[in-house]
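Structure file my_file07.cif; described as mmCIF, C-alpha atoms.
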```
data_data
loop_
_atom_site.label_atom_id
_atom_site.label_comp_id
_atom_site.auth_asym_id
_atom_site.auth_seq_id
_atom_site.Cartn_x
_atom_site.Cartn_y
_atom_site.Cartn_z
CA MET M 1 -0.83 -7.09 21.75
CA THR M 2 -3.38 -5.31 19.57
CA ARG M 3 -2.03 -4.66 16.07
CA ILE M 4 -3.30 -2.24 13.43
CA PHE M 5 -3.25 -2.29 9.65
CA GLY M 6 -4.63 0.85 8.01
CA GLY M 7 -4.99 2.59 4.70
CA PRO M 8 -7.38 4.53 2.48
CA THR M 9 -10.98 3.34 2.34
CA ARG M 10 -10.82 3.19 -1.45
CA TYR M 11 -8.08 3.50 -4.05
CA VAL M 12 -8.83 4.26 -7.71
CA GLN M 13 -6.18 4.29 -10.45
CA GLY M 14 -6.17 4.70 -14.21
CA PRO M 15 -5.94 7.24 -17.04
CA GLY M 16 -8.70 9.84 -16.76
CA ALA M 17 -9.67 8.78 -13.22
CA ILE M 18 -9.90 12.41 -12.09
CA ASP M 19 -12.89 12.87 -14.41
CA ASP M 20 -14.85 10.59 -12.06
CA LEU M 21 -13.90 12.53 -8.91
CA GLY M 22 -17.34 14.09 -8.52
CA GLU M 23 -19.12 10.77 -8.82
CA LEU M 24 -16.62 9.02 -6.54
CA THR M 25 -17.21 11.56 -3.75
CA ALA M 26 -20.94 12.05 -4.26
CA GLY M 27 -21.90 9.71 -1.43
CA PHE M 28 -20.01 11.55 1.29
CA ALA M 29 -19.47 15.16 0.17
CA GLY M 30 -22.13 17.81 -0.18
CA ARG M 31 -19.79 20.84 -0.07
CA PRO M 32 -16.24 19.81 -0.97
CA LEU M 33 -13.28 22.15 -0.68
CA LEU M 34 -10.71 21.38 -3.39
CA ILE M 35 -7.12 22.56 -2.94
CA ALA M 36 -5.02 22.12 -6.07
CA ASP M 37 -1.37 22.71 -6.86
CA ALA M 38 -1.16 25.96 -8.85
CA ASP M 39 0.91 24.33 -11.60
CA VAL M 40 -1.55 21.46 -11.99
CA LEU M 41 -4.85 23.35 -11.77
CA PRO M 42 -4.87 24.73 -15.35
CA PHE M 43 -4.78 21.17 -16.70
CA ILE M 44 -7.70 19.91 -14.59
CA GLN M 45 -9.90 22.98 -14.01
CA ALA M 46 -12.41 22.04 -16.71
CA SER M 47 -12.70 18.49 -15.40
CA LEU M 48 -13.27 19.71 -11.83
CA ASP M 49 -15.89 22.23 -12.94
CA ALA M 50 -17.79 19.48 -14.74
CA SER M 51 -17.44 16.96 -11.89
CA PHE M 52 -18.78 19.28 -9.19
CA ALA M 53 -21.26 21.37 -11.16
CA ASP M 54 -24.17 19.79 -9.27
CA ARG M 55 -23.17 20.91 -5.74
CA PRO M 56 -21.63 23.83 -3.84
CA HIS M 57 -17.85 23.67 -3.85
CA ALA M 58 -14.73 25.81 -3.95
CA VAL M 59 -11.50 25.26 -5.87
CA LEU M 60 -8.44 26.96 -4.38
CA SER M 61 -4.98 27.26 -5.93
CA PHE M 62 -1.95 26.59 -3.75
CA ARG M 63 1.70 27.45 -4.30
CA GLY M 64 4.52 27.86 -1.81
CA GLU M 65 5.58 26.50 1.54
CA VAL M 66 3.23 24.53 3.76
CA THR M 67 3.23 26.95 6.70
CA GLN M 68 0.66 27.36 9.45
CA ALA M 69 -0.27 30.75 7.97
CA ALA M 70 -0.93 29.18 4.57
CA ILE M 71 -3.08 26.47 6.17
CA ASP M 72 -5.02 29.09 8.15
CA SER M 73 -5.76 31.07 4.99
CA LEU M 74 -6.97 28.02 3.08
CA ALA M 75 -9.01 26.79 6.05
CA ALA M 76 -10.85 30.13 6.26
CA ASN M 77 -12.28 29.40 2.81
CA GLY M 78 -13.43 26.00 4.00
CA THR M 79 -15.17 27.57 6.96
CA ALA M 80 -16.92 30.10 4.70
CA LEU M 81 -18.13 27.27 2.46
CA ASN M 82 -19.16 25.15 5.47
CA ALA M 83 -17.19 22.41 3.73
CA ASP M 84 -17.69 18.77 4.69
CA LEU M 85 -14.70 17.29 2.79
CA VAL M 86 -11.22 18.43 1.77
CA ILE M 87 -9.77 17.20 -1.52
CA GLY M 88 -6.07 17.73 -2.15
CA ILE M 89 -4.72 17.65 -5.71
CA GLY M 90 -1.04 17.88 -6.59
CA GLY M 91 2.40 16.86 -5.42
CA GLY M 92 3.70 16.55 -1.89
CA LYS M 93 3.23 20.18 -0.87
CA GLY M 94 -0.24 20.47 -2.38
CA LEU M 95 -1.41 17.33 -0.61
CA ASP M 96 0.19 18.37 2.69
CA ALA M 97 -1.48 21.79 2.52
CA ALA M 98 -4.85 20.13 1.98
CA LYS M 99 -4.17 17.64 4.79
CA GLY M 100 -3.37 20.59 7.03
CA VAL M 101 -6.76 22.11 6.27
CA ALA M 102 -8.50 18.78 6.87
CA PHE M 103 -6.63 18.48 10.20
CA GLN M 104 -7.55 22.01 11.26
CA LEU M 105 -11.22 21.75 10.29
CA GLY M 106 -11.65 18.17 11.47
CA LEU M 107 -12.83 17.00 8.04
CA PRO M 108 -12.26 13.80 6.05
CA PHE M 109 -9.63 13.91 3.32
CA VAL M 110 -9.29 12.76 -0.31
CA ALA M 111 -5.91 12.64 -2.08
CA VAL M 112 -5.42 13.09 -5.82
CA PRO M 113 -1.66 12.86 -6.51
CA SER M 114 -0.38 14.49 -9.70
CA ILE M 115 3.02 12.76 -9.42
CA ALA M 116 4.15 9.35 -8.17
CA SER M 117 7.30 10.59 -6.45
CA ASN M 118 6.44 9.33 -2.96
CA ASP M 119 3.96 7.30 -0.94
CA SER M 120 2.39 10.10 1.10
CA PRO M 121 -1.04 10.14 -0.65
CA THR M 122 -2.22 7.04 1.23
CA GLY M 123 -0.90 8.19 4.61
CA ARG M 124 -2.11 10.47 7.39
CA SER M 125 0.98 12.52 8.11
CA LEU M 126 1.84 16.05 6.93
CA ALA M 127 4.87 18.25 7.47
CA ILE M 128 4.52 21.93 8.45
CA TYR M 129 7.42 24.35 7.84
CA ASN M 130 8.18 27.98 8.49
CA ASP M 131 9.02 30.50 5.78
CA GLU M 132 12.71 29.50 5.95
CA HIS M 133 11.80 25.87 5.11
CA ILE M 134 12.58 24.66 8.61
CA LEU M 135 10.37 21.83 9.80
CA VAL M 136 8.30 22.97 12.77
CA ALA M 137 5.69 20.21 13.16
CA VAL M 138 4.52 16.84 11.87
CA GLU M 139 0.80 16.25 12.30
CA ASN M 140 -1.51 13.36 11.51
CA ILE M 141 -5.04 13.70 10.21
CA PRO M 142 -7.32 11.58 12.44
CA ASP M 143 -8.15 8.94 9.83
CA SER M 144 -6.60 7.56 6.66
CA PRO M 145 -7.82 9.19 3.43
CA LEU M 146 -11.35 8.26 2.48
CA LEU M 147 -10.26 7.99 -1.12
CA VAL M 148 -7.08 8.14 -3.22
CA VAL M 149 -7.49 8.81 -6.95
CA ALA M 150 -4.36 8.26 -9.05
CA ASP M 151 -5.01 9.53 -12.58
CA THR M 152 -2.16 7.92 -14.51
CA ALA M 153 -2.66 10.16 -17.54
CA LEU M 154 -2.11 13.19 -15.30
CA ILE M 155 0.83 11.52 -13.54
CA ALA M 156 2.40 10.51 -16.87
CA ASN M 157 2.45 14.16 -17.97
CA ALA M 158 4.89 14.97 -15.15
CA PRO M 159 8.66 14.84 -15.70
CA ALA M 160 9.96 11.26 -15.63
CA ARG M 161 12.32 12.03 -12.75
CA PHE M 162 9.36 12.05 -10.36
CA LEU M 163 8.54 8.40 -11.11
CA ARG M 164 12.22 7.54 -10.62
CA THR M 165 12.44 9.17 -7.19
CA GLY M 166 9.19 7.47 -6.24
CA MET M 167 10.79 4.13 -7.04
CA GLY M 168 13.75 5.06 -4.87
CA ASP M 169 11.44 5.87 -1.95
CA ALA M 170 9.52 2.61 -2.48
CA LEU M 171 12.58 0.41 -2.98
CA GLY M 172 13.48 0.02 0.68
CA LYS M 173 10.00 -0.73 1.99
CA LYS M 174 10.41 -4.52 1.78
CA PHE M 175 13.66 -4.51 3.73
CA GLU M 176 12.51 -1.85 6.18
CA ALA M 177 9.25 -3.63 6.98
CA GLU M 178 11.11 -6.90 7.49
CA ARG M 179 13.68 -5.22 9.75
CA ALA M 180 11.02 -3.33 11.72
CA PHE M 181 9.11 -6.57 12.26
CA ALA M 182 12.25 -8.43 13.39
CA ASP M 183 13.40 -5.59 15.68
CA GLY M 184 10.04 -5.16 17.39
CA ALA M 185 9.55 -1.61 16.11
CA ALA M 186 6.15 0.05 16.04
CA ASN M 187 4.44 0.96 12.80
CA PHE M 188 2.97 4.42 12.21
CA PHE M 189 -0.28 3.50 13.93
CA GLY M 190 1.74 2.91 17.08
CA THR M 191 1.45 -0.89 17.21
CA ARG M 192 3.47 -3.88 16.07
CA PRO M 193 2.84 -4.57 12.36
CA LEU M 194 0.62 -7.29 11.03
CA ARG M 195 2.13 -9.70 8.52
CA THR M 196 -0.14 -8.31 5.82
CA ALA M 197 2.10 -5.25 5.63
CA LEU M 198 5.15 -7.45 4.98
CA VAL M 199 3.37 -9.25 2.14
CA ILE M 200 2.49 -5.92 0.51
CA ALA M 201 6.04 -4.62 0.99
CA ASP M 202 7.40 -7.73 -0.70
CA ALA M 203 5.00 -7.27 -3.63
CA CYS M 204 6.08 -3.64 -3.90
CA TYR M 205 9.72 -4.66 -4.32
CA ALA M 206 8.89 -7.42 -6.82
CA THR M 207 6.82 -4.99 -8.90
CA LEU M 208 9.63 -2.43 -9.05
CA ARG M 209 12.19 -5.04 -10.05
CA GLU M 210 9.96 -6.46 -12.79
CA HIS M 211 8.53 -3.28 -14.28
CA GLY M 212 10.84 -0.42 -13.27
CA VAL M 213 12.95 -0.15 -16.42
CA ALA M 214 9.95 -0.32 -18.76
CA ALA M 215 8.01 2.13 -16.60
CA MET M 216 10.79 4.70 -16.91
CA LYS M 217 10.61 4.42 -20.70
CA ALA M 218 6.85 4.99 -20.52
CA ALA M 219 7.37 7.97 -18.19
CA GLU M 220 9.88 9.51 -20.59
CA ALA M 221 7.37 9.05 -23.43
CA HIS M 222 4.53 10.37 -21.18
CA THR M 223 2.49 7.30 -22.06
CA PRO M 224 0.89 5.31 -19.22
CA ASP M 225 1.27 1.68 -20.33
CA GLU M 226 0.89 -1.44 -18.17
CA ALA M 227 4.41 -1.17 -16.73
CA PHE M 228 3.77 2.46 -15.80
CA GLU M 229 0.48 1.51 -14.13
CA ALA M 230 2.25 -1.22 -12.14
CA VAL M 231 4.96 1.12 -10.85
CA VAL M 232 2.50 3.90 -9.95
CA GLU M 233 0.60 1.33 -7.89
CA ALA M 234 3.86 0.26 -6.22
CA ASN M 235 5.08 3.82 -5.57
CA VAL M 236 1.81 5.18 -4.22
CA LEU M 237 -0.35 2.37 -2.84
CA MET M 238 1.90 -0.57 -1.99
CA ALA M 239 4.72 1.56 -0.59
CA GLY M 240 2.25 3.71 1.33
CA LEU M 241 0.60 0.73 3.01
CA ALA M 242 4.00 -0.85 3.66
CA TRP M 243 5.56 2.09 5.50
CA GLU M 244 2.56 3.19 7.51
CA SER M 245 1.37 -0.28 8.53
CA GLY M 246 4.74 -2.05 8.36
CA GLY M 247 7.29 0.42 9.63
CA LEU M 248 10.62 1.94 8.64
CA SER M 249 14.23 1.14 9.45
CA TYR M 250 17.82 1.94 8.43
CA ALA M 251 17.06 2.97 4.84
CA HIS M 252 15.20 6.01 6.17
CA ALA M 253 17.45 6.47 9.19
CA VAL M 254 20.44 6.98 6.86
CA VAL M 255 18.53 9.85 5.23
CA ARG M 256 19.06 11.85 8.44
CA GLY M 257 22.76 11.86 7.63
CA LEU M 258 22.44 12.36 3.88
CA VAL M 259 20.31 15.51 4.19
CA LYS M 260 23.27 17.17 5.94
CA ALA M 261 25.99 15.66 3.77
CA ARG M 262 28.28 17.74 1.58
CA GLY M 263 27.10 17.64 -2.04
CA ALA M 264 24.51 14.91 -1.41
CA ALA M 265 22.11 16.99 0.65
CA SER M 266 20.27 18.41 -2.35
CA ALA M 267 19.49 15.02 -3.91
CA PRO M 268 15.79 14.03 -3.93
CA HIS M 269 14.38 12.10 -0.99
CA GLY M 270 13.89 9.00 -3.13
CA ASP M 271 17.55 9.03 -4.14
CA HIS M 272 18.53 9.23 -0.48
CA VAL M 273 16.29 6.28 0.41
CA ALA M 274 17.61 4.18 -2.49
CA TYR M 275 21.17 4.67 -1.27
CA GLY M 276 20.05 4.14 2.33
CA THR M 277 18.56 0.81 1.27
CA LEU M 278 21.97 -0.35 0.03
CA VAL M 279 23.50 0.74 3.35
CA GLN M 280 20.83 -1.16 5.27
CA LEU M 281 21.62 -4.32 3.31
CA ALA M 282 25.29 -3.86 4.17
CA ILE M 283 24.46 -3.34 7.86
CA GLU M 284 22.48 -6.57 7.78
CA GLY M 285 25.46 -8.45 6.35
CA ARG M 286 23.87 -9.38 3.02
CA ASP M 287 26.35 -10.93 0.60
CA ASP M 288 28.18 -8.88 -2.03
CA ALA M 289 26.32 -10.44 -4.96
CA PHE M 290 22.93 -9.44 -3.54
CA ILE M 291 23.98 -5.84 -3.00
CA ILE M 292 25.70 -5.57 -6.39
CA ASP M 293 22.59 -6.95 -8.10
CA LEU M 294 20.42 -4.27 -6.50
CA MET M 295 22.99 -1.61 -7.39
CA GLY M 296 22.69 -2.70 -11.01
CA TRP M 297 18.93 -2.30 -10.92
CA CYS M 298 19.22 1.13 -9.32
CA ARG M 299 21.54 2.30 -12.07
CA SER M 300 19.29 0.80 -14.75
CA VAL M 301 16.50 3.20 -13.77
CA GLY M 302 18.77 6.14 -12.96
CA LEU M 303 18.91 5.84 -9.16
CA PRO M 304 22.24 6.36 -7.34
CA ALA M 305 24.39 3.53 -6.02
CA SER M 306 27.17 5.60 -4.44
CA LEU M 307 27.81 8.87 -2.64
CA VAL M 308 29.42 10.25 -5.80
CA GLU M 309 26.21 9.51 -7.71
CA LEU M 310 24.32 11.36 -4.97
CA GLY M 311 26.47 14.43 -5.65
CA MET M 312 29.32 14.11 -3.13
CA GLU M 313 32.63 14.65 -4.87
CA SER M 314 35.52 12.50 -3.52
CA PRO M 315 33.89 11.22 -0.29
CA THR M 316 36.25 11.05 2.67
CA GLU M 317 36.20 8.87 5.76
CA ALA M 318 35.25 12.00 7.72
CA ASP M 319 32.21 12.51 5.45
CA VAL M 320 31.17 8.91 6.00
CA ALA M 321 31.69 9.14 9.77
CA GLU M 322 29.44 12.19 9.98
CA ILE M 323 26.66 10.52 7.98
CA ALA M 324 26.93 7.52 10.31
CA ARG M 325 26.89 9.73 13.43
CA LEU M 326 23.72 11.52 12.34
CA THR M 327 22.09 8.21 11.43
CA ALA M 328 22.85 6.72 14.84
CA ILE M 329 21.60 9.64 16.96
CA GLY M 330 18.05 9.21 15.74
CA PRO M 331 15.31 7.55 17.80
CA LYS M 332 16.48 4.40 19.57
CA GLY M 333 13.02 2.92 19.93
CA GLY M 334 9.46 3.18 18.75
CA ARG M 335 9.00 3.76 15.06
CA ILE M 336 12.60 3.48 13.83
CA ILE M 337 15.04 1.36 15.80
CA VAL M 338 18.72 2.17 15.20
CA ALA M 339 20.61 -0.57 17.01
CA ALA M 340 23.88 -0.47 15.06
CA PRO M 341 26.57 1.84 16.48
CA PRO M 342 28.08 4.62 14.33
CA GLU M 343 31.18 2.55 13.63
CA ALA M 344 29.13 -0.28 12.14
CA ILE M 345 27.07 2.14 10.05
CA ALA M 346 30.24 3.82 8.76
CA ALA M 347 31.72 0.42 7.88
CA ALA M 348 28.55 -0.45 5.97
CA ILE M 349 28.70 2.82 4.00
CA LEU M 350 32.36 2.21 3.12
CA ARG M 351 31.45 -1.31 1.98
CA VAL M 352 28.72 0.08 -0.28
CA GLU M 353 31.22 2.54 -1.73
CA ARG M 354 33.73 -0.23 -2.46
CA LEU M 355 31.08 -2.40 -4.12
CA ALA M 356 29.79 0.54 -6.17
CA ALA M 357 33.28 1.21 -7.47
#
```
Encoding of this model in structure tokens:
Amino acid sequence: MTRIFGGPTRYVQGPGAIDDLGELTAGFAGRPLLIADADVLPFIQASLDASFADRPHAVLSFRGEVTQAAIDSLAANGTALNADLVIGIGGGKGLDAAKGVAFQLGLPFVAVPSIASNDSPTGRSLAIYNDEHILVAVENIPDSPLLVVADTALIANAPARFLRTGMGDALGKKFEAERAFADGAANFFGTRPLRTALVIADACYATLREHGVAAMKAAEAHTPDEAFEAVVEANVLMAGLAWESGGLSYAHAVVRGLVKARGAASAPHGDHVAYGTLVQLAIEGRDDAFIIDLMGWCRSVGLPASLVELGMESPTEADVAEIARLTAIGPKGGRIIVAAPPEAIAAAILRVERLAA
């Protein structure tokens, strides 16, 4: 069977990297359309003006929900410019809005994340919502980003909690890629994964375990040291390559239950995935010592290891059963295989709760 490994054509990381954005895109963009998160733009406007002073361009500010109407409005500016490249700058919503414009106009895409809270900058997918924040569509730009520029000075200026949630989202990638490979699941290019994705997922986990605690200290001090650089690379690049080319499994399937769970629903996505990773390990029958060790690491960086730590006061067996039910009714094939029945998932959650206590 044909197998696909994909990712951005080029990845650039380091403090001040955004200052080189004009030079980095000079070879393939004559009229770039830049879409920047409204909260980030004031900090980078001068750098963007200097970078693109030698060519026609437009810089648009974005704030709000990623709706089709918002994408249409932004895309109209790209049409007026006759843009040949879309550059997204910001967090998840800013990048998704720019991806939506690239998708609609059929243009290549460049991602410039301002936070390291998730691994979406390297991927093709974007989520479109309505004004009530209800998901209405998930689209994929035709190709992986041409370029990802992670300016670690910009990322370090963000609240430290974003780096933490990024670690939570990245934590499960090793175990999910391994499970997806063993279960015969498809990756997000629609094929079986190549082993390269598993190697990267393993390196992602090792990097988080080695540098996570020190990186959080750097994030709290807003100083991008070597540990911070390592974790940004793990959160954005390694985790991104691991999920898209390797695949996902129970750690993300459990999120389907947590986003509806009493008290826990409002926790960040990365917190949900971190807890889901512990549940996956319990489903797989890993020994207590292994799970307790990972719980200790989670707590050392501020990630949750129990439903109480996710925000659910006094979890009941009924709460657990509902999380398990929603986990199990997800896709039974393709990109996420959920083979365990609800009873086994509930038992795994209860085991995690006992170990956490």
Report task. For the structure shown, which residues end up in the PyMOL selection byres ((chain M and resi 24) around 12)? Put them as a PyMOL selection string, please? Result -> chain M and resi 9-12+17-23+25-29+51-52+87+110+112+146-149
Requested in this report: For atom CA of M:Met295 and atom CA of M:Pro121, determine how far apart the two atoms are, in Å to one decimal place.
Outcome: 27.6 Å
**Report entry** Near-stretch 265-270 of chain M list (7 Å; only C-alpha atoms; drop same-chain fewer than 2 positions) as a ChimeraX atom specification
**Finding:** /M:165-169,258-263,272-274,310
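Atom CA of M:Asp39 sits 22.9 Å away from atom CA of M:Gly123.
Counting all atoms listed in the file, the residue from M:Leu281, M:Ile128, M:Ile345, M:Leu194 that sits nearest to M:Phe175 is M:Leu281.
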Query - Interatomic distance (Å, one decimal) between atom CA of M:Ser245 and atom CA of M:Ala70 - result: 29.8 Å
Report task. Would you kindly return, as a list in words, each protein, DNA or RNA residue with an atom no farther than 6 Å from any atom of M:Val86, considering all atoms listed in the file and excluding same-chain residues fewer than 3 positions away? Result -> Pro32, Leu33, Leu34, Ala102 and Phe109 of chain M
Hey, can you spit out that residue selection with C-alpha atoms as a CSV table (one decimal), keeping the file's coordinate frame?
```csv
chain,number,residue,atom,x,y,z
M,32,PRO,CA,-16.2,19.8,-1.0
M,33,LEU,CA,-13.3,22.2,-0.7
M,34,LEU,CA,-10.7,21.4,-3.4
M,102,ALA,CA,-8.5,18.8,6.9
M,109,PHE,CA,-9.6,13.9,3.3
```
Query raised in the report: Once the PyMOL selection byres ((chain M and resi 224) around 9) has been applied to the shown file, what residues remain in the selection, as number ranges by chain?
Result: M: 14-15, 152-153, 155-156, 215, 218-219, 221-223, 225-229
Query - Within 9 Å of file point (-20.3, 24.3, -5.0), counting all atoms listed in the file, expressed as a PyMOL selection string - result: chain M and resi 30-33+52-59+81
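Between M:Val255 and the candidates M:Ala80, M:Ala328, M:Ala239, M:Ile291, the tightest atom-to-atom separation, counting all atoms listed in the file, involves M:Ala328.
Within 10 Å of stretch 297-299 of chain M, once all atoms listed in the file are used and residues closer than 2 positions along the same chain are dropped, the contacting residues are M:Arg164, M:Met167, M:Gly168, M:Leu171, M:Leu208, M:Arg209, M:Gly212, M:Val213, M:Asp271, M:Ala274, M:Tyr275, M:Leu278, M:Ile292, M:Asp293, M:Leu294, M:Met295, M:Val301, M:Gly302, M:Leu303, M:Pro304, M:Ala305, M:Glu309.
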Once you have the residues from the selection above, write them out as a tab-separated table (two decimals), keeping the file's coordinate frame, restricted to C-alpha atoms.
```
chain	number	residue	atom	x	y	z
M	164	ARG	CA	12.22	7.54	-10.62
M	167	MET	CA	10.79	4.13	-7.04
M	168	GLY	CA	13.75	5.06	-4.87
M	171	LEU	CA	12.58	0.41	-2.98
M	208	LEU	CA	9.63	-2.43	-9.05
M	209	ARG	CA	12.19	-5.04	-10.05
M	212	GLY	CA	10.84	-0.42	-13.27
M	213	VAL	CA	12.95	-0.15	-16.42
M	271	ASP	CA	17.55	9.03	-4.14
M	274	ALA	CA	17.61	4.18	-2.49
M	275	TYR	CA	21.17	4.67	-1.27
M	278	LEU	CA	21.97	-0.35	0.03
M	292	ILE	CA	25.70	-5.57	-6.39
M	293	ASP	CA	22.59	-6.95	-8.10
M	294	LEU	CA	20.42	-4.27	-6.50
M	295	MET	CA	22.99	-1.61	-7.39
M	301	VAL	CA	16.50	3.20	-13.77
M	302	GLY	CA	18.77	6.14	-12.96
M	303	LEU	CA	18.91	5.84	-9.16
M	304	PRO	CA	22.24	6.36	-7.34
M	305	ALA	CA	24.39	3.53	-6.02
M	309	GLU	CA	26.21	9.51	-7.71
```
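Each of M:Glu178, M:Glu132, M:Asp287, M:Glu220 was compared to M:Val352 using all atoms listed in the file, and M:Asp287 turns out to be the nearest.
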**Report entry** 9 Å contact set for M:Gly91, all atoms listed in the file, chain neighbours under 2 positions out, as an MDAnalysis selection string
**Finding:** chainID M and resid 37 40 89 93:96 112:118 121
Query raised in the report: Which residues come within 10 Å of stretch 185-189 of chain M, counting only C-alpha atoms, excluding same-chain residues fewer than 6 positions away, as a PyMOL selection string?
Result: chain M and resi 3-6+123-125+177+179+197+242-249+332-338
With C-alpha atoms retained, export the selected residues as a PDB file, in the frame of the given file.
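Saved the output as selection02.pdb:
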```pdb
ATOM      1  CA  ARG M   3      -2.030  -4.660  16.070  1.00  0.00           C
ATOM      2  CA  ILE M   4      -3.300  -2.240  13.430  1.00  0.00           C
ATOM      3  CA  PHE M   5      -3.250  -2.290   9.650  1.00  0.00           C
ATOM      4  CA  GLY M   6      -4.630   0.850   8.010  1.00  0.00           C
ATOM      5  CA  GLY M 123      -0.900   8.190   4.610  1.00  0.00           C
ATOM      6  CA  ARG M 124      -2.110  10.470   7.390  1.00  0.00           C
ATOM      7  CA  SER M 125       0.980  12.520   8.110  1.00  0.00           C
ATOM      8  CA  ALA M 177       9.250  -3.630   6.980  1.00  0.00           C
ATOM      9  CA  ARG M 179      13.680  -5.220   9.750  1.00  0.00           C
ATOM     10  CA  ALA M 197       2.100  -5.250   5.630  1.00  0.00           C
ATOM     11  CA  ALA M 242       4.000  -0.850   3.660  1.00  0.00           C
ATOM     12  CA  TRP M 243       5.560   2.090   5.500  1.00  0.00           C
ATOM     13  CA  GLU M 244       2.560   3.190   7.510  1.00  0.00           C
ATOM     14  CA  SER M 245       1.370  -0.280   8.530  1.00  0.00           C
ATOM     15  CA  GLY M 246       4.740  -2.050   8.360  1.00  0.00           C
ATOM     16  CA  GLY M 247       7.290   0.420   9.630  1.00  0.00           C
ATOM     17  CA  LEU M 248      10.620   1.940   8.640  1.00  0.00           C
ATOM     18  CA  SER M 249      14.230   1.140   9.450  1.00  0.00           C
ATOM     19  CA  LYS M 332      16.480   4.400  19.570  1.00  0.00           C
ATOM     20  CA  GLY M 333      13.020   2.920  19.930  1.00  0.00           C
ATOM     21  CA  GLY M 334       9.460   3.180  18.750  1.00  0.00           C
ATOM     22  CA  ARG M 335       9.000   3.760  15.060  1.00  0.00           C
ATOM     23  CA  ILE M 336      12.600   3.480  13.830  1.00  0.00           C
ATOM     24  CA  ILE M 337      15.040   1.360  15.800  1.00  0.00           C
ATOM     25  CA  VAL M 338      18.720   2.170  15.200  1.00  0.00           C
TER      26      VAL M 338
END
```
Query - Residues selected by the PyMOL selection byres ((chain M and resi 320) around 9), written as number ranges by chain - result: M: 261, 315-319, 321-325, 345-347, 349-350
